[in-house]
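Engineer: Structure file model-v1.txt (compact mmCIF, C-alpha atoms and all ligand atoms) right here:
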# COMPACT_ATOMS: atom_id res chain seq x y z
CA MET W 1 21.80 25.77 -15.63
CA ASP W 2 18.11 25.32 -16.24
CA VAL W 3 17.07 21.74 -16.48
CA ARG W 4 13.64 20.33 -17.04
CA SER W 5 12.58 18.87 -13.74
CA ILE W 6 9.57 16.67 -13.14
CA GLU W 7 8.12 15.87 -9.73
CA GLY W 8 4.76 14.50 -8.75
CA LYS W 9 2.30 16.77 -6.95
CA LEU W 10 0.68 15.68 -3.73
CA ASP W 11 -2.87 16.23 -4.90
CA ALA W 12 -5.34 13.37 -5.09
CA GLY W 13 -7.68 15.33 -7.38
CA GLU W 14 -9.90 12.92 -9.31
CA SER W 15 -7.63 9.93 -8.72
CA ARG W 16 -9.30 6.56 -8.32
CA VAL W 17 -7.36 4.67 -5.69
CA GLY W 18 -7.64 1.00 -4.79
CA ILE W 19 -6.52 -0.21 -1.38
CA VAL W 20 -5.89 -3.92 -0.80
CA VAL W 21 -5.60 -4.73 2.88
CA ALA W 22 -4.86 -8.06 4.54
CA ARG W 23 -7.11 -9.10 7.44
CA PHE W 24 -4.30 -11.13 9.04
CA ASN W 25 -3.07 -9.04 12.01
CA SER W 26 -6.13 -6.84 11.44
CA PHE W 27 -5.58 -4.87 14.65
CA ILE W 28 -2.54 -3.42 12.81
CA THR W 29 -3.73 -3.47 9.20
CA GLU W 30 -7.03 -1.68 9.87
CA ARG W 31 -5.00 1.22 11.32
CA LEU W 32 -2.89 1.25 8.14
CA ALA W 33 -6.06 1.38 6.03
CA GLU W 34 -7.46 4.24 8.12
CA GLY W 35 -4.19 6.12 7.67
CA ALA W 36 -4.20 5.59 3.91
CA VAL W 37 -7.79 6.81 3.51
CA ASP W 38 -7.11 9.81 5.75
CA CYS W 39 -4.06 10.77 3.67
CA ILE W 40 -5.96 10.61 0.37
CA VAL W 41 -8.92 12.62 1.68
CA ARG W 42 -6.62 15.24 3.27
CA HIS W 43 -4.98 15.65 -0.11
CA GLY W 44 -8.25 16.44 -1.84
CA GLY W 45 -9.40 12.92 -2.75
CA ALA W 46 -13.05 11.94 -2.74
CA PRO W 47 -13.95 9.00 -0.45
CA GLU W 48 -16.28 7.60 -3.13
CA ARG W 49 -13.28 7.24 -5.46
CA ILE W 50 -11.49 5.03 -2.94
CA THR W 51 -12.14 1.28 -3.13
CA LEU W 52 -11.01 -0.85 -0.20
CA VAL W 53 -10.66 -4.59 -0.75
CA ARG W 54 -9.92 -6.96 2.14
CA VAL W 55 -8.04 -10.24 1.58
CA PRO W 56 -7.28 -13.03 4.08
CA GLY W 57 -3.53 -12.40 4.44
CA SER W 58 -0.59 -10.68 2.81
CA TRP W 59 0.03 -13.74 0.64
CA GLU W 60 -3.25 -13.04 -1.17
CA ILE W 61 -2.45 -9.36 -1.86
CA PRO W 62 -0.59 -9.71 -5.21
CA ILE W 63 -3.32 -11.57 -7.12
CA VAL W 64 -5.91 -8.97 -6.15
CA VAL W 65 -3.58 -6.07 -6.92
CA GLN W 66 -2.93 -7.69 -10.30
CA LYS W 67 -6.64 -7.98 -11.11
CA MET W 68 -7.33 -4.41 -10.02
CA ALA W 69 -4.33 -3.02 -11.91
CA GLY W 70 -5.41 -4.83 -15.09
CA SER W 71 -9.00 -3.60 -14.84
CA GLY W 72 -8.20 -0.04 -15.88
CA ALA W 73 -10.48 1.17 -13.09
CA TYR W 74 -7.72 2.46 -10.79
CA ASP W 75 -5.07 5.14 -11.19
CA GLY W 76 -3.04 3.59 -8.40
CA ILE W 77 -3.20 0.88 -5.76
CA ILE W 78 -1.94 0.63 -2.20
CA ALA W 79 -1.00 -2.75 -0.72
CA LEU W 80 -1.35 -2.95 3.06
CA GLY W 81 -0.50 -5.80 5.40
CA ALA W 82 1.50 -6.76 8.45
CA VAL W 83 3.87 -9.69 8.32
CA ILE W 84 5.22 -10.25 11.80
CA ARG W 85 8.07 -12.65 12.40
CA GLY W 86 7.06 -15.65 14.48
CA ALA W 87 8.58 -18.91 15.50
CA THR W 88 8.12 -20.46 12.05
CA PRO W 89 9.72 -19.70 8.67
CA HIS W 90 6.26 -18.68 7.36
CA PHE W 91 7.29 -15.03 7.76
CA ASP W 92 10.07 -15.29 5.18
CA TYR W 93 7.87 -16.93 2.54
CA VAL W 94 4.98 -14.51 2.97
CA ALA W 95 7.20 -11.39 3.18
CA ALA W 96 9.23 -12.37 0.11
CA GLU W 97 6.26 -13.29 -2.06
CA VAL W 98 4.12 -10.28 -1.27
CA SER W 99 6.96 -7.85 -1.97
CA LYS W 100 8.04 -9.60 -5.19
CA GLY W 101 4.44 -10.04 -6.35
CA VAL W 102 3.43 -6.42 -5.82
CA ALA W 103 6.61 -5.07 -7.44
CA SER W 104 6.16 -7.30 -10.44
CA VAL W 105 2.53 -6.23 -11.01
CA GLY W 106 3.59 -2.59 -10.97
CA LEU W 107 6.26 -3.18 -13.58
CA GLN W 108 4.04 -5.39 -15.77
CA THR W 109 1.06 -3.06 -15.81
CA GLY W 110 2.60 0.40 -15.40
CA VAL W 111 0.02 1.17 -12.73
CA PRO W 112 1.68 2.72 -9.67
CA ILE W 113 1.43 0.50 -6.64
CA SER W 114 2.70 1.50 -3.26
CA PHE W 115 3.94 -0.96 -0.71
CA GLY W 116 2.57 -0.51 2.78
CA VAL W 117 3.14 -4.04 3.99
CA LEU W 118 4.96 -4.00 7.32
CA THR W 119 7.59 -6.67 7.82
CA THR W 120 8.63 -6.56 11.44
CA ASP W 121 10.35 -8.71 14.02
CA SER W 122 7.75 -8.04 16.70
CA ILE W 123 4.19 -6.91 17.32
CA GLU W 124 5.62 -3.84 19.10
CA GLN W 125 7.47 -2.75 15.95
CA ALA W 126 4.27 -3.18 13.95
CA VAL W 127 2.24 -1.15 16.45
CA GLU W 128 4.85 1.63 16.31
CA ARG W 129 4.34 1.86 12.52
CA ALA W 130 0.55 1.73 12.60
CA GLY W 131 -0.28 5.11 14.03
CA THR W 132 1.93 5.40 17.10
CA LYS W 133 5.51 6.55 17.60
CA ALA W 134 6.89 5.75 14.15
CA GLY W 135 3.90 7.26 12.35
CA ASN W 136 1.49 5.38 10.13
CA LYS W 137 2.98 3.49 7.19
CA GLY W 138 -0.43 3.31 5.53
CA TRP W 139 -0.50 7.11 5.45
CA ASP W 140 3.07 7.17 4.09
CA ALA W 141 2.24 4.58 1.41
CA ALA W 142 -0.75 6.66 0.29
CA LEU W 143 1.35 9.83 0.07
CA GLY W 144 3.94 8.04 -2.06
CA LEU W 145 1.18 6.73 -4.30
CA LEU W 146 -0.33 10.19 -4.88
CA GLU W 147 3.09 11.49 -5.88
CA MET W 148 3.65 8.58 -8.27
CA ILE W 149 0.20 8.84 -9.89
CA ASP W 150 0.86 12.48 -10.75
CA LEU W 151 4.49 11.88 -11.73
CA LEU W 152 3.68 9.05 -14.14
CA SER W 153 0.86 11.08 -15.69
CA GLN W 154 3.32 13.93 -16.37
CA ILE W 155 5.83 11.60 -18.00
CA GLY W 156 2.98 10.49 -20.27
N1 LIG W 201 -0.23 -13.23 6.69
C1 LIG W 201 0.06 -11.97 7.03
O1 LIG W 201 -0.49 -11.03 6.43
N2 LIG W 201 0.94 -11.71 8.02
C2 LIG W 201 1.60 -12.70 8.69
O2 LIG W 201 2.40 -12.39 9.62
C3 LIG W 201 1.32 -14.04 8.34
N3 LIG W 201 1.99 -15.12 9.03
O3 LIG W 201 2.99 -14.89 9.72
O4 LIG W 201 1.59 -16.26 8.95
C4 LIG W 201 0.37 -14.28 7.32
N4 LIG W 201 0.05 -15.53 6.97
C5 LIG W 201 -1.13 -15.86 6.21
C6 LIG W 201 -0.89 -15.81 4.71
O5 LIG W 201 -0.77 -14.47 4.29
C7 LIG W 201 -2.04 -16.44 3.94
O6 LIG W 201 -3.24 -15.74 4.17
C8 LIG W 201 -2.25 -17.92 4.29
O7 LIG W 201 -1.03 -18.64 4.17
C9 LIG W 201 -3.30 -18.57 3.36
O8 LIG W 201 -2.89 -18.51 2.00
Using the file provided, produce a representation of the structure as structure tokens.
Ligand code: INI

Structural biologist:
Amino acid sequence: MDVRSIEGKLDAGESRVGIVVARFNSFITERLAEGAVDCIVRHGGAPERITLVRVPGSWEIPIVVQKMAGSGAYDGIIALGAVIRGATPHFDYVAAEVSKGVASVGLQTGVPISFGVLTTDSIEQAVERAGTKAGNKGWDAALGLLEMIDLLSQIG
């Protein structure tokens, strides 16, 4: 049976992508940002169409994503950070708020936003996801974003 199937293409084309990256744990997050930029450029994106905004920590990501999404200047936005569990409950507050905040901006604005904020129990787990043995979650977040930008544009 033939059905009408829609899937996003992995082609950055003319897409204008915003990247919001937390400086907290920057030795991890800068690797995520490098991975995200590399993914977009390898999929045909132009570096001059990528805007990278740095914020103090993951807590500050949602308000900046919200402003960028509302500006109409971006086809999609990638949120990047590293929340690493420590001895205090700070981890739970920051991890919960950044994930809820970013999800809610995507639903409110209809602008695709991908979530590349690591939430790990240890620095080792974060390192593994920032360009070592578990890949680069910034790269993965960018790939998911490219697919969603194209998919949402097809749905209209
Ligand atoms: N910010 C992070 O991005 N990752 C963390 O692991 C983290 N911890 O654990 O404290 C963190 N805290 C800072 C927070 O994001 C804000 O920048 C800060 O609270 C000021 O508002």

Engineer: So that each row is one residue of chain W with an atom at most 8 Å from ligand LIG 201 (chain W), can you give its shortest atom pair and the distance in Å to one decimal, using only C-alpha atoms and all ligand atoms, rows by chain and rising number, as CSV?

Structural biologist:
residue,atom,partner,partner_atom,distance
W:Ala22,CA,W:LIG201,O1,5.6
W:Arg23,CA,W:LIG201,O1,7.0
W:Phe24,CA,W:LIG201,O1,4.6
W:Asn25,CA,W:LIG201,N2,6.3
W:Val55,CA,W:LIG201,O6,7.7
W:Pro56,CA,W:LIG201,O6,4.9
W:Gly57,CA,W:LIG201,O6,3.4
W:Ser58,CA,W:LIG201,O1,3.6
W:Trp59,CA,W:LIG201,O5,3.8
W:Glu60,CA,W:LIG201,O6,6.0
W:Gly81,CA,W:LIG201,O1,5.3
W:Ala82,CA,W:LIG201,N2,5.0
W:Val83,CA,W:LIG201,O2,3.3
W:Ile84,CA,W:LIG201,O2,4.2
W:Arg85,CA,W:LIG201,O3,6.2
W:Gly86,CA,W:LIG201,O3,6.3
W:Thr88,CA,W:LIG201,O3,7.9
W:His90,CA,W:LIG201,O4,5.5
W:Phe91,CA,W:LIG201,O3,4.7
W:Val94,CA,W:LIG201,O5,5.9
W:Ala95,CA,W:LIG201,N2,7.9
W:Thr119,CA,W:LIG201,O2,7.9

Engineer: Rounded to one decimal place, report the atom CA of W:Arg4-atom CA of W:Ile113 distance in Å.

Structural biologist: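 Computed distance, atom CA of W:Arg4 to atom CA of W:Ile113, equals 25.5 Å.
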
Engineer: Find, counting all atoms listed in the file, the residue in W:Gly144, W:Gly8, W:Gly135, W:Gly13 that gets nearest to W:Leu32.

Structural biologist: W:Gly135

Engineer: Go through W:Val102, W:Gly44, W:Arg49, W:Asp75 and flag the residue nearest W:Ile63, using all atoms listed in the file for the distances.

Structural biologist: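 Going through W:Val102, W:Gly44, W:Arg49, W:Asp75 one by one, the smallest distance to W:Ile63 is for W:Val102.
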
Engineer: How big is the axis-aligned box around all listed atoms of stretch 44-56 of chain W once 6 Å goes on each side, and where's its centre, in Å to one decimal, as lines of an AutoDock Vina configuration file?

Structural biologist:
center_x = -11.8
center_y = 1.7
center_z = -0.7
size_x = 21.0
size_y = 41.5
size_z = 21.5

Engineer: Report the distance between atom CA of W:Leu10 and atom CA of W:Pro62 in Å, rounded to one decimal place.

Structural biologist: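 About the pair atom CA of W:Leu10 and atom CA of W:Pro62: they are 25.5 Å apart.
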
Engineer: Can you pull out the residues contacting W:Val20? Cut-off 8 Å, using all atoms listed in the file, and skip same-chain residues under 3 positions away; I want them as a list in words.

Structural biologist: Leu52, Val53, Arg54, Val55, Ile61, Val64, Val65, Ile77, Ile78, Ala79 and Leu80 of chain W

Engineer: Determine, for each residue of stretch 110-135 of chain W having at least one atom at most 12 Å from an atom of stretch 148-155 of chain W, the closest pair of atoms and their separation in Å to one decimal, counting all atoms listed in the file; order by chain and ascending number, as a tab-separated table.

Structural biologist:
residue	atom	partner	partner_atom	distance
W:Gly110	CA	W:Leu152	CA	8.8
W:Val111	CA	W:Ile149	CA	8.2
W:Pro112	CA	W:Ile149	CA	6.3
W:Ile113	CA	W:Met148	CA	8.5
W:Ser114	CA	W:Met148	CA	8.7

Engineer: With all atoms listed in the file as the atoms that count, which of W:Glu30, W:Asp38, W:Glu128, W:Glu147 lies nearest to W:Ser15?

Structural biologist: W:Glu147

Engineer: Counting only C-alpha atoms, figure out which residue out of W:Gly131, W:Pro89, W:Pro47, W:Gly35 gets nearest to W:Arg16.

Structural biologist: W:Pro47

Engineer: Measuring between all atoms listed in the file, which one of W:Gly156, W:Glu124, W:Gly18, W:Ile40 shows the shortest distance to W:Asp140?

Structural biologist: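 Residue with the minimum atom-to-atom distance to W:Asp140: W:Ile40.
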
Engineer: How many Å lie between atom CA of W:Gln125 and atom CA of W:Gly138, rounded to one decimal?

Structural biologist: 14.4 Å

Engineer: So which residues touch W:Val37 within 9 Å, counting all atoms listed in the file, skipping near sequence neighbours fewer than 4 positions away, as a list in words?

Structural biologist: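 The residues that qualify are Ile19, Leu32, Ala33, Val41, Arg42, Gly45, Pro47, Ile50, Gly138, Trp139 and Ala142 of chain W.
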
Engineer: Which one of W:Val21, W:His43, W:Thr51, W:Glu34 sits closest to W:Lys9 if you count all atoms listed in the file?

Structural biologist: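 Ranked by minimum distance to W:Lys9, first place goes to W:His43.
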
Engineer: Could you name the residues that touch W:Ala103 at 9 Å or less, counting all atoms listed in the file, but leaving out those on the same chain fewer than 3 positions away, as a ChimeraX atom specification?

Structural biologist: /W:62,98-100,106-108,113-115

Engineer: Using the selection just defined, write its residues with C-alpha atoms as a PDB file, in the coordinates of the input.

Structural biologist:
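Final output, part.pdb:
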ATOM      1  CA  PRO W  62      -0.590  -9.710  -5.210  1.00  0.00           C
ATOM      2  CA  VAL W  98       4.120 -10.280  -1.270  1.00  0.00           C
ATOM      3  CA  SER W  99       6.960  -7.850  -1.970  1.00  0.00           C
ATOM      4  CA  LYS W 100       8.040  -9.600  -5.190  1.00  0.00           C
ATOM      5  CA  GLY W 106       3.590  -2.590 -10.970  1.00  0.00           C
ATOM      6  CA  LEU W 107       6.260  -3.180 -13.580  1.00  0.00           C
ATOM      7  CA  GLN W 108       4.040  -5.390 -15.770  1.00  0.00           C
ATOM      8  CA  ILE W 113       1.430   0.500  -6.640  1.00  0.00           C
ATOM      9  CA  SER W 114       2.700   1.500  -3.260  1.00  0.00           C
ATOM     10  CA  PHE W 115       3.940  -0.960  -0.710  1.00  0.00           C
TER      11      PHE W 115
END

Engineer: Please export stretch 26-58 of chain W as a PDB file, in the first residue's frame, restricted to C-alpha atoms.

Structural biologist:
ATOM      1  CA  SER W  26      33.618  24.869  28.756  1.00  0.00           C
ATOM      2  CA  PHE W  27      36.265  22.184  28.233  1.00  0.00           C
ATOM      3  CA  ILE W  28      33.297  19.944  27.333  1.00  0.00           C
ATOM      4  CA  THR W  29      30.877  22.445  25.808  1.00  0.00           C
ATOM      5  CA  GLU W  30      33.381  23.954  23.372  1.00  0.00           C
ATOM      6  CA  ARG W  31      33.885  20.449  21.929  1.00  0.00           C
ATOM      7  CA  LEU W  32      30.100  20.136  21.545  1.00  0.00           C
ATOM      8  CA  ALA W  33      30.005  23.477  19.713  1.00  0.00           C
ATOM      9  CA  GLU W  34      32.833  22.409  17.399  1.00  0.00           C
ATOM     10  CA  GLY W  35      30.957  19.196  16.650  1.00  0.00           C
ATOM     11  CA  ALA W  36      27.736  21.050  15.886  1.00  0.00           C
ATOM     12  CA  VAL W  37      29.434  23.507  13.507  1.00  0.00           C
ATOM     13  CA  ASP W  38      31.311  20.673  11.801  1.00  0.00           C
ATOM     14  CA  CYS W  39      28.081  18.738  11.254  1.00  0.00           C
ATOM     15  CA  ILE W  40      26.277  21.712   9.700  1.00  0.00           C
ATOM     16  CA  VAL W  41      29.172  22.588   7.390  1.00  0.00           C
ATOM     17  CA  ARG W  42      29.616  18.938   6.325  1.00  0.00           C
ATOM     18  CA  HIS W  43      25.951  18.908   5.385  1.00  0.00           C
ATOM     19  CA  GLY W  44      26.310  21.870   3.064  1.00  0.00           C
ATOM     20  CA  GLY W  45      25.732  24.730   5.510  1.00  0.00           C
ATOM     21  CA  ALA W  46      27.544  28.033   5.211  1.00  0.00           C
ATOM     22  CA  PRO W  47      29.599  29.063   8.271  1.00  0.00           C
ATOM     23  CA  GLU W  48      28.399  32.672   7.879  1.00  0.00           C
ATOM     24  CA  ARG W  49      24.819  31.475   8.411  1.00  0.00           C
ATOM     25  CA  ILE W  50      25.732  29.968  11.783  1.00  0.00           C
ATOM     26  CA  THR W  51      25.476  32.226  14.834  1.00  0.00           C
ATOM     27  CA  LEU W  52      27.092  31.029  18.048  1.00  0.00           C
ATOM     28  CA  VAL W  53      26.004  32.656  21.308  1.00  0.00           C
ATOM     29  CA  ARG W  54      27.768  31.895  24.591  1.00  0.00           C
ATOM     30  CA  VAL W  55      25.920  32.115  27.927  1.00  0.00           C
ATOM     31  CA  PRO W  56      27.298  31.679  31.469  1.00  0.00           C
ATOM     32  CA  GLY W  57      25.702  28.304  32.246  1.00  0.00           C
ATOM     33  CA  SER W  58      22.982  25.921  31.138  1.00  0.00           C
TER      34      SER W  58
END
